[in-house]
file protein_13.txt (compact mmCIF, C-alpha atoms)
# COMPACT_ATOMS: atom_id res chain seq x y z
CA MET A 1 -11.83 22.34 6.41
CA ASN A 2 -12.22 26.01 5.61
CA ILE A 3 -14.78 26.03 2.79
CA LYS A 4 -14.04 29.72 2.16
CA ASP A 5 -10.73 28.62 0.58
CA PHE A 6 -12.64 27.05 -2.31
CA GLY A 7 -13.62 29.50 -5.04
CA LYS A 8 -15.52 29.46 -8.31
CA LEU A 9 -12.55 27.93 -10.17
CA ALA A 10 -12.18 25.02 -7.74
CA ALA A 11 -11.50 21.63 -9.36
CA GLY A 12 -14.61 20.19 -7.73
CA SER A 13 -17.34 21.09 -5.28
CA ILE A 14 -18.05 21.24 -1.56
CA SER A 15 -20.71 18.93 -0.14
CA GLU A 16 -22.09 18.22 3.31
CA ILE A 17 -21.31 14.98 5.13
CA THR A 18 -22.19 13.45 8.47
CA PRO A 19 -20.38 15.65 11.03
CA PHE A 20 -17.15 14.16 12.47
CA TRP A 21 -14.05 15.56 14.16
CA GLY A 22 -12.95 17.15 10.86
CA GLY A 23 -16.19 19.06 10.32
CA LYS A 24 -19.29 18.57 8.22
CA HIS A 25 -18.02 19.32 4.70
CA CYS A 26 -15.88 17.49 2.17
CA PHE A 27 -14.42 18.17 -1.26
CA ASP A 28 -15.68 16.20 -4.26
CA PRO A 29 -13.18 16.36 -7.16
CA GLU A 30 -14.49 16.65 -10.69
CA PRO A 31 -13.74 13.64 -12.91
CA LEU A 32 -10.69 13.72 -15.15
CA PRO A 33 -9.82 15.19 -17.57
CA PRO A 34 -10.10 18.70 -16.16
CA ALA A 35 -11.72 21.58 -18.01
CA TRP A 36 -8.28 23.09 -18.54
CA GLU A 37 -6.15 23.57 -21.61
CA PHE A 38 -2.43 22.97 -21.55
CA PRO A 39 -0.93 26.46 -22.03
CA THR A 40 1.47 27.22 -24.85
CA GLU A 41 3.95 28.81 -22.44
CA LEU A 42 4.55 25.40 -20.81
CA TRP A 43 5.47 23.63 -24.05
CA PRO A 44 9.22 24.46 -23.79
CA LEU A 45 9.31 23.06 -20.24
CA LEU A 46 7.36 19.95 -21.29
CA ASN A 47 9.74 19.39 -24.20
CA GLU A 48 12.73 19.75 -21.88
CA ALA A 49 11.21 17.31 -19.36
CA VAL A 50 10.51 14.73 -22.07
CA ALA A 51 14.02 15.18 -23.50
CA GLN A 52 15.61 14.64 -20.08
CA LEU A 53 13.42 11.60 -19.45
CA MET A 54 14.38 10.09 -22.81
CA LEU A 55 18.05 10.81 -22.10
CA LEU A 56 17.68 8.92 -18.83
CA GLU A 57 15.96 6.07 -20.68
CA GLY A 58 18.84 5.96 -23.19
CA VAL A 59 21.50 5.98 -20.48
CA GLY A 60 19.67 3.28 -18.57
CA ARG A 61 19.22 1.05 -21.60
CA SER A 62 22.91 1.37 -22.47
CA LEU A 63 24.02 0.01 -19.11
CA PRO A 64 25.56 -3.47 -19.12
CA ASN A 65 23.68 -4.02 -15.85
CA PRO A 66 20.58 -1.81 -15.30
CA THR A 67 20.66 -2.47 -11.54
CA ILE A 68 23.60 -0.04 -11.40
CA LEU A 69 20.91 2.64 -11.55
CA LEU A 70 17.70 0.84 -10.61
CA GLY A 71 18.78 -0.51 -7.21
CA PRO A 72 19.95 2.79 -5.69
CA MET A 73 17.03 4.74 -7.21
CA ARG A 74 14.52 2.22 -5.85
CA ASP A 75 15.99 2.45 -2.36
CA ARG A 76 16.16 6.25 -2.44
CA GLU A 77 12.48 6.37 -3.42
CA ALA A 78 11.46 3.99 -0.63
CA ILE A 79 13.41 5.91 2.01
CA LEU A 80 12.28 9.38 0.97
CA SER A 81 8.64 8.59 0.22
CA SER A 82 8.34 6.85 3.60
CA ARG A 83 10.13 9.72 5.34
CA MET A 84 7.49 12.13 4.00
CA GLU A 85 4.89 10.18 6.01
CA GLY A 86 6.92 10.04 9.22
CA THR A 87 8.50 6.60 8.71
CA PHE A 88 12.27 6.76 9.05
CA ALA A 89 15.05 4.39 8.05
CA THR A 90 18.58 5.25 7.00
CA PRO A 91 20.10 3.52 3.96
CA GLN A 92 22.24 1.47 6.34
CA GLN A 93 19.21 0.34 8.35
CA LEU A 94 17.25 -0.56 5.23
CA LEU A 95 20.06 -2.59 3.69
CA LEU A 96 20.83 -4.45 6.91
CA TYR A 97 17.15 -5.21 7.46
CA GLU A 98 16.80 -6.57 3.92
CA LEU A 99 19.88 -8.71 4.53
CA GLU A 100 18.46 -10.07 7.79
CA PRO A 101 14.71 -9.29 8.08
CA ILE A 102 14.15 -10.05 11.76
CA GLU A 103 10.60 -9.41 12.95
CA ALA A 104 9.98 -6.62 15.44
CA SER A 105 9.36 -7.83 18.99
CA THR A 106 7.24 -4.88 20.13
CA GLU A 107 5.19 -2.12 18.57
CA SER A 108 7.90 0.42 19.45
CA ASP A 109 10.68 -1.71 17.95
CA PRO A 110 12.42 0.40 15.24
CA ARG A 111 12.40 -2.64 12.97
CA ASN A 112 8.70 -1.87 12.38
CA GLN A 113 9.79 1.20 10.45
CA PHE A 114 12.58 -0.68 8.65
CA ARG A 115 10.05 -3.25 7.48
CA GLU A 116 7.68 -0.53 6.33
CA VAL A 117 10.37 1.00 4.14
CA ALA A 118 11.40 -2.46 2.87
CA ASN A 119 7.73 -3.11 2.03
CA TYR A 120 7.77 0.00 -0.16
CA VAL A 121 10.55 -1.62 -2.20
CA LYS A 122 8.47 -4.80 -2.52
CA ALA A 123 5.43 -2.81 -3.65
CA LEU A 124 7.53 -1.06 -6.30
CA GLU A 125 8.86 -4.38 -7.56
CA HIS A 126 5.38 -5.91 -7.59
CA ALA A 127 3.95 -3.09 -9.70
CA ASP A 128 6.85 -3.32 -12.13
CA SER A 129 6.54 -7.10 -12.59
CA SER A 130 2.74 -7.32 -12.60
CA SER A 131 0.86 -8.16 -15.80
CA LEU A 132 -2.23 -6.35 -14.52
CA PRO A 133 -3.32 -3.13 -16.23
CA THR A 134 -2.86 0.04 -14.23
CA GLY A 135 -6.14 0.17 -12.34
CA LEU A 136 -7.86 -0.28 -9.01
CA LEU A 137 -6.87 -3.94 -8.54
CA LEU A 138 -3.17 -3.19 -8.96
CA ILE A 139 -3.50 -0.17 -6.66
CA ARG A 140 -5.06 -2.35 -3.96
CA GLN A 141 -2.28 -4.92 -4.35
CA MET A 142 0.39 -2.24 -3.94
CA HIS A 143 -1.35 -1.00 -0.80
CA GLU A 144 -1.58 -4.53 0.59
CA ARG A 145 2.15 -5.10 0.13
CA LEU A 146 3.03 -1.70 1.54
CA LEU A 147 1.18 -2.29 4.82
CA ASP A 148 1.87 -5.99 5.20
CA GLY A 149 2.71 -6.70 8.82
CA VAL A 150 3.53 -3.12 9.80
CA ARG A 151 1.92 0.04 11.14
CA GLY A 152 -1.43 0.35 9.41
CA GLU A 153 -2.14 -3.38 9.24
CA ASN A 154 -5.20 -2.79 11.45
CA LYS A 155 -6.43 -0.35 8.83
CA GLU A 156 -7.25 -3.01 6.27
CA PRO A 157 -4.30 -3.25 3.86
CA GLY A 158 -5.53 -3.72 0.31
CA ARG A 159 -9.06 -2.49 1.07
CA PHE A 160 -10.55 0.90 0.35
CA ARG A 161 -11.55 2.85 3.43
CA ARG A 162 -14.90 2.47 5.13
CA GLN A 163 -14.73 5.54 7.33
CA GLN A 164 -14.38 9.28 6.90
CA VAL A 165 -10.88 10.69 7.10
CA ALA A 166 -9.31 14.13 7.10
CA ILE A 167 -5.87 15.28 6.02
CA GLY A 168 -3.80 17.17 8.56
CA SER A 169 -4.18 17.47 12.31
CA ASP A 170 -6.35 20.53 11.69
CA ALA A 171 -8.44 18.74 9.02
CA ARG A 172 -7.19 21.17 6.39
CA PHE A 173 -8.65 18.93 3.68
CA VAL A 174 -11.51 16.43 3.83
CA PRO A 175 -11.87 13.95 0.93
CA PRO A 176 -15.17 12.33 -0.16
CA PRO A 177 -17.05 10.11 2.31
CA PRO A 178 -16.76 6.31 2.11
CA GLU A 179 -20.35 5.80 0.91
CA ARG A 180 -19.54 7.75 -2.29
CA LEU A 181 -15.97 6.54 -2.69
CA THR A 182 -16.89 3.92 -5.30
CA ASP A 183 -18.23 6.57 -7.68
CA PHE A 184 -14.99 8.55 -7.63
CA LEU A 185 -12.81 5.44 -7.88
CA ASP A 186 -14.79 4.08 -10.83
CA GLU A 187 -14.29 7.38 -12.66
CA LEU A 188 -10.57 7.27 -11.87
CA ASP A 189 -10.35 3.66 -13.05
CA ALA A 190 -12.04 4.59 -16.32
CA TYR A 191 -9.58 7.42 -16.89
CA LEU A 192 -6.64 5.14 -16.11
CA ALA A 193 -7.85 2.79 -18.83
CA ALA A 194 -8.54 5.55 -21.35
CA GLU A 195 -6.14 7.27 -23.73
CA ASP A 196 -6.45 11.00 -23.18
CA ARG A 197 -5.13 12.62 -26.34
CA ARG A 198 -5.78 16.12 -25.00
CA PHE A 199 -2.66 15.95 -22.84
CA HIS A 200 0.85 14.59 -23.19
CA PRO A 201 1.24 11.22 -21.37
CA LEU A 202 3.65 12.75 -18.86
CA VAL A 203 1.09 15.43 -17.99
CA VAL A 204 -1.58 12.73 -17.62
CA CYS A 205 0.55 11.08 -14.91
CA PHE A 206 0.46 14.23 -12.80
CA LEU A 207 -3.26 14.78 -13.37
CA ILE A 208 -3.89 11.26 -12.06
CA HIS A 209 -1.55 11.77 -9.11
CA TYR A 210 -3.57 14.80 -8.04
CA GLN A 211 -6.85 12.92 -8.44
CA PHE A 212 -5.69 9.91 -6.45
CA GLU A 213 -4.42 11.98 -3.54
CA THR A 214 -7.61 14.06 -3.53
CA ILE A 215 -9.90 11.01 -3.44
CA HIS A 216 -7.68 9.56 -0.67
CA PRO A 217 -9.10 6.03 -1.02
CA PHE A 218 -7.34 4.28 1.89
CA SER A 219 -7.34 4.81 5.63
CA ASP A 220 -3.53 4.91 5.68
CA GLY A 221 -0.72 4.95 3.14
CA ASN A 222 -2.34 7.18 0.50
CA GLY A 223 0.71 9.38 0.00
CA ARG A 224 3.07 6.45 -0.49
CA VAL A 225 0.70 4.48 -2.72
CA GLY A 226 0.08 7.62 -4.77
CA ARG A 227 3.80 8.05 -5.36
CA LEU A 228 4.22 4.33 -6.08
CA LEU A 229 1.47 4.67 -8.66
CA LEU A 230 3.13 7.77 -10.11
CA THR A 231 6.41 5.90 -10.67
CA HIS A 232 4.54 3.07 -12.35
CA MET A 233 2.46 5.42 -14.52
CA ILE A 234 5.48 7.36 -15.75
CA LYS A 235 7.02 4.09 -16.88
CA GLN A 236 3.80 2.92 -18.55
CA GLN A 237 2.52 6.18 -20.00
CA CYS A 238 5.91 7.28 -21.34
CA SER A 239 6.84 3.80 -22.67
CA LEU A 240 9.98 3.44 -20.58
CA THR A 241 11.70 0.06 -20.37
CA MET A 242 12.29 0.40 -16.62
CA PRO A 243 11.01 2.64 -13.78
CA TRP A 244 13.91 5.05 -14.09
CA LEU A 245 12.22 8.11 -12.55
CA HIS A 246 10.91 8.49 -8.99
CA MET A 247 9.43 11.80 -7.88
CA SER A 248 9.56 11.51 -4.08
CA GLU A 249 13.06 12.95 -3.87
CA TYR A 250 11.78 16.15 -5.50
CA PHE A 251 8.53 16.31 -3.52
CA SER A 252 10.35 15.66 -0.22
CA ARG A 253 12.65 18.65 -0.66
CA ASP A 254 9.67 20.89 0.05
CA HIS A 255 6.92 18.68 1.43
CA GLY A 256 4.83 21.67 2.43
CA GLY A 257 5.12 23.18 -1.03
CA TYR A 258 4.12 19.87 -2.63
CA CYS A 259 0.99 19.73 -0.45
CA ASN A 260 0.16 23.35 -1.19
CA TYR A 261 0.33 22.82 -4.96
CA LEU A 262 -2.14 19.95 -4.63
CA TYR A 263 -4.38 22.01 -2.34
CA ARG A 264 -4.43 24.99 -4.71
CA VAL A 265 -5.66 22.81 -7.55
CA SER A 266 -8.61 21.83 -5.38
CA CYS A 267 -9.29 25.36 -4.15
CA SER A 268 -8.66 27.41 -7.28
CA GLY A 269 -8.14 25.04 -10.21
CA GLU A 270 -4.45 25.98 -10.40
CA TRP A 271 -3.55 23.15 -12.77
CA GLN A 272 -0.88 25.16 -14.56
CA ASN A 273 1.14 25.79 -11.41
CA TRP A 274 0.87 22.13 -10.38
CA ILE A 275 1.93 20.78 -13.77
CA GLU A 276 4.75 23.33 -14.08
CA TYR A 277 6.03 22.33 -10.64
CA CYS A 278 5.98 18.63 -11.57
CA LEU A 279 7.67 19.12 -14.94
CA GLN A 280 10.44 21.12 -13.27
CA GLY A 281 10.90 18.13 -10.97
CA VAL A 282 11.22 15.75 -13.92
CA VAL A 283 13.93 17.93 -15.48
CA ARG A 284 15.86 18.15 -12.21
CA LEU A 285 15.57 14.51 -11.12
CA ALA A 286 16.26 13.02 -14.54
CA GLY A 287 19.38 15.17 -14.86
CA GLU A 288 20.58 14.14 -11.39
CA ALA A 289 19.92 10.47 -12.15
CA VAL A 290 21.97 10.65 -15.35
CA LEU A 291 24.91 12.17 -13.45
CA ARG A 292 24.63 9.58 -10.66
CA CYS A 293 24.52 6.80 -13.23
CA ASP A 294 27.63 8.14 -14.94
CA ARG A 295 29.50 8.21 -11.62
CA LEU A 296 28.43 4.65 -10.80
CA ARG A 297 29.38 3.40 -14.25
CA ARG A 298 32.84 4.95 -14.03
CA LEU A 299 33.27 3.44 -10.57
CA ARG A 300 32.23 0.03 -11.89
CA ASP A 301 34.87 0.26 -14.64
CA GLU A 302 37.46 1.22 -12.03
CA HIS A 303 36.47 -1.71 -9.82
CA PHE A 304 36.83 -4.15 -12.72
CA GLU A 305 40.20 -2.65 -13.53
CA ARG A 306 41.33 -3.40 -9.96
CA LEU A 307 40.08 -6.98 -10.38
CA SER A 308 41.86 -7.57 -13.68
CA LYS A 309 45.17 -8.44 -12.04
CA THR A 310 43.69 -10.62 -9.31
CA ARG A 311 43.38 -14.41 -9.28
CA GLY A 312 39.77 -15.65 -9.44
CA ALA A 313 38.74 -12.46 -11.20
CA VAL A 314 35.78 -14.09 -13.01
CA ARG A 315 34.04 -15.03 -9.77
CA LEU A 316 35.00 -11.74 -8.14
CA HIS A 317 33.42 -9.92 -11.09
CA GLY A 318 30.13 -11.59 -10.20
CA ILE A 319 30.37 -10.57 -6.56
CA VAL A 320 31.21 -6.97 -7.45
CA GLU A 321 28.39 -6.84 -10.00
CA GLY A 322 26.00 -7.86 -7.25
CA LEU A 323 27.21 -5.02 -5.07
CA TYR A 324 25.70 -2.55 -7.54
CA GLN A 325 22.30 -4.00 -6.81
CA THR A 326 22.80 -4.25 -3.03
CA PRO A 327 26.10 -2.88 -1.71
CA VAL A 328 26.08 -5.15 1.36
CA VAL A 329 27.23 -8.77 1.61
CA THR A 330 28.04 -11.46 4.16
CA ILE A 331 30.50 -14.29 3.65
CA ALA A 332 27.76 -16.81 4.49
CA SER A 333 25.61 -15.61 1.56
CA LEU A 334 28.28 -16.35 -1.07
CA PRO A 335 28.86 -20.15 -1.10
CA GLU A 336 25.38 -21.02 -2.36
CA ALA A 337 25.22 -18.06 -4.76
CA TYR A 338 28.56 -18.88 -6.43
CA GLN A 339 28.86 -22.61 -5.74
CA VAL A 340 32.04 -22.29 -3.67
CA THR A 341 33.13 -23.44 -0.21
CA TYR A 342 32.99 -21.15 2.78
CA PRO A 343 36.83 -20.83 2.93
CA THR A 344 36.85 -19.79 -0.75
CA ALA A 345 34.10 -17.22 -0.12
CA LYS A 346 36.02 -15.87 2.85
CA ALA A 347 39.18 -15.59 0.73
CA ASP A 348 37.21 -13.76 -1.98
CA VAL A 349 35.89 -11.21 0.50
CA GLU A 350 39.37 -10.68 1.91
CA LYS A 351 40.65 -9.99 -1.62
CA LEU A 352 37.92 -7.40 -2.15
CA VAL A 353 38.76 -5.78 1.17
CA LYS A 354 42.43 -5.62 0.14
CA LEU A 355 41.39 -4.01 -3.16
CA GLU A 356 39.38 -1.44 -1.14
CA ILE A 357 36.14 -2.46 -2.83
CA LEU A 358 34.68 -3.84 0.41
CA SER A 359 34.98 -2.68 4.01
CA GLU A 360 33.83 -4.42 7.15
CA TRP A 361 30.71 -2.94 8.71
CA PRO A 362 31.69 -2.06 12.28
CA ASP A 363 29.99 -3.72 15.24
CA LYS A 364 27.91 -6.07 13.10
CA HIS A 365 27.65 -9.79 13.86
CA PRO A 366 27.92 -11.96 11.89
CA LYS A 367 30.54 -10.04 10.01
CA THR A 368 28.99 -7.90 7.30
CA TYR A 369 30.75 -6.04 4.51
CA TYR A 370 29.72 -3.11 2.34
CA ALA A 371 31.05 -1.24 -0.68
CA PRO A 372 31.73 2.30 0.64
CA GLU A 373 32.42 3.90 -2.76
CA ILE A 374 29.16 2.58 -4.20
CA PHE A 375 27.31 3.50 -1.02
CA ASP A 376 28.57 7.10 -1.04
CA ILE A 377 27.35 7.71 -4.60
CA ALA A 378 24.11 5.74 -4.44
CA TYR A 379 22.88 7.21 -1.15
CA GLU A 380 24.43 10.65 -1.30
CA GLY A 381 22.37 13.18 0.62
CA LEU A 382 20.39 10.60 2.59
call {"tool": "encode", "arguments": {"input": "protein_13.txt", "output": "structure tokens"}}
result
Amino acid sequence: MNIKDFGKLAAGSISEITPFWGGKHCFDPEPLPPAWEFPTELWPLLNEAVAQLMLLEGVGRSLPNPTILLGPMRDREAILSSRMEGTFATPQQLLLYELEPIEASTESDPRNQFREVANYVKALEHADSSSLPTGLLLIRQMHERLLDGVRGENKEPGRFRRQQVAIGSDARFVPPPPERLTDFLDELDAYLAAEDRRFHPLVVCFLIHYQFETIHPFSDGNGRVGRLLLTHMIKQQCSLTMPWLHMSEYFSRDHGGYCNYLYRVSCSGEWQNWIEYCLQGVVRLAGEAVLRCDRLRRLRDEHFERLSKTRGAVRLHGIVEGLYQTPVVTIASLPEAYQVTYPTAKADVEKLVKLEILSEWPDKHPKTYYAPEIFDIAYEGL
């Protein structure tokens, strides 16, 4: 770590540590809230970000089935946040793995990465359903679920690190040492539980995201857990009914820029640039989510219109509704879900294929079907 990068306005201080491969210095972040005032010139952007977020909340709440939006957004977040850390799975691979989660046979088996991305989805769902307050215990539980049975398991999932780490192959940034980690985490936990009236709740979310990534409390998975926590905080802090907004899609478009904004806060106290960057992301992502939701809702109406003249439409409605949560299905999964025989389930799938709602997934055994129109909208760009 080049300590000359850190000036008088740094958001913390440099201290010496036991020498390791990353050097003999680390950065100790100051506790939140920062000694920084939200500038008047950012108020229009903040107002626009809040307005877009509330529009997204309104659109989401008006949906007859919120999974129309939640399912695709959840999967996009898991894929893109994982991709930022070098874990790759396409939407097809993720959906097929979730449909048939076969364990990897070797360490190099690509299903290790599929499971890691699927675990991200589970961690998101756990945070959203948990009754725990947003704090260190919930953070540890998210980390435990994220690294369950995959790469990083040997790095103590659910436990804060007990060794020094550095960020980047060149140790560009070195967070606090493990023997002082508790002090920084306790301060973060206190701020998570407090109500900071100096800043808008949306701004607070991005202050905490910076602080979490700077403390870097785990040996592995800090980036993903930090973004999981950010999704959860935006829902909680901004009183949303569902986790409608995920920031990884925005951060992943310029991963280097995202890291540089965080780094410049540490080096020069550039809170304004960091918060402005994040608020611009909220405006962009919320607007894109609203448009995607509108396209999915119109497609759903069109699908139901196709079903209206088909025998057994009531049951077929249920199957199609489920496709908006997961646009993949097998015939074998339907009899128990809809209390029908296998021949009836097979006939239902054939009807949906004829209506061009389902298509057979090529070269997949047992036969697997997907909804191409839903898939194209939900996973566009991935």
call {"tool": "closest_residue", "arguments": {"input": "protein_13.txt", "among": "A:Thr241, A:Thr330, A:Gln280, A:Thr368", "to": "Gly58 of chain A", "atoms": "all atoms listed in the file"}}
result
A:Thr241
call {"tool": "atom_distance", "arguments": {"input": "protein_13.txt", "atom1": "atom CA of Lys354 of chain A", "atom2": "atom CA of Tyr379 of chain A"}}
result
23.4 Å
call {"tool": "closest_residue", "arguments": {"input": "protein_13.txt", "among": "A:His25, A:Lys364, A:Arg161, A:Arg306", "to": "Arg140 of chain A", "atoms": "only C-alpha atoms"}}
result
A:Arg161
call {"tool": "closest_atom_pairs", "arguments": {"input": "protein_13.txt", "of": "segment 103-222 of chain A", "to": "segment 12-18 of chain A", "cutoff": "12 Å", "atoms": "all atoms listed in the file", "output": "Markdown table"}}
result
| residue | atom | partner | partner_atom | distance |
| --- | --- | --- | --- | --- |
| A:Gln163 | CA | A:Thr18 | CA | 10.9 |
| A:Gln164 | CA | A:Thr18 | CA | 9.0 |
| A:Val165 | CA | A:Ile17 | CA | 11.4 |
| A:Phe173 | CA | A:Ile14 | CA | 11.0 |
| A:Val174 | CA | A:Ile14 | CA | 9.7 |
| A:Pro175 | CA | A:Ile14 | CA | 9.9 |
| A:Pro176 | CA | A:Ile17 | CA | 8.5 |
| A:Pro177 | CA | A:Ile17 | CA | 7.1 |
| A:Pro178 | CA | A:Ile17 | CA | 10.2 |
| A:Glu179 | CA | A:Ile17 | CA | 10.1 |
| A:Arg180 | CA | A:Ile17 | CA | 10.5 |
| A:Phe184 | CA | A:Gly12 | CA | 11.6 |
| A:Gln211 | CA | A:Gly12 | CA | 10.7 |
| A:Thr214 | CA | A:Gly12 | CA | 10.2 |
| A:Ile215 | CA | A:Gly12 | CA | 11.2 |
call {"tool": "atom_distance", "arguments": {"input": "protein_13.txt", "atom1": "atom CA of Leu69 of chain A", "atom2": "atom CA of Gly223 of chain A"}}
result
24.2 Å
call {"tool": "residues_around", "arguments": {"input": "protein_13.txt", "residues": "Ala127 of chain A", "least_positions_apart": "5", "cutoff": "10 Å", "atoms": "all atoms listed in the file", "output": "count of residues only"}}
result
14
call {"tool": "closest_residue", "arguments": {"input": "protein_13.txt", "among": "A:Asp28, A:Glu350, A:Glu195, A:Glu187", "to": "Gln237 of chain A", "atoms": "all atoms listed in the file"}}
result
A:Glu195
call {"tool": "residues_around", "arguments": {"input": "protein_13.txt", "residues": "Cys267 of chain A", "least_positions_apart": "2", "cutoff": "6 Å", "atoms": "all atoms listed in the file", "output": "count of residues only"}}
result
5
call {"tool": "closest_residue", "arguments": {"input": "protein_13.txt", "among": "A:Phe27, A:Phe375, A:Tyr324, A:Trp271", "to": "Ala171 of chain A", "atoms": "all atoms listed in the file"}}
result
A:Phe27
call {"tool": "atom_distance", "arguments": {"input": "protein_13.txt", "atom1": "atom CA of Val340 of chain A", "atom2": "atom CA of Trp361 of chain A"}}
result
23.0 Å
call {"tool": "residues_around", "arguments": {"input": "protein_13.txt", "residues": "Lys155 of chain A", "least_positions_apart": "5", "cutoff": "10 Å", "atoms": "all atoms listed in the file", "output": "PyMOL selection string"}}
result
chain A and resi 147+160-162+218-221
call {"tool": "residues_around", "arguments": {"input": "protein_13.txt", "residues": "Glu85 of chain A", "least_positions_apart": "4", "cutoff": "12 Å", "atoms": "all atoms listed in the file", "output": "list in words"}}
result
Ala78, Ile79, Leu80, Ser81, Ala89, Gln113, Glu116, Val117, Arg151, Ile167, Gly168, Asp220, Gly221, Asn222, Gly223, Arg224, Val225, Arg227, Ser248, Phe251, Ser252 and His255 of chain A
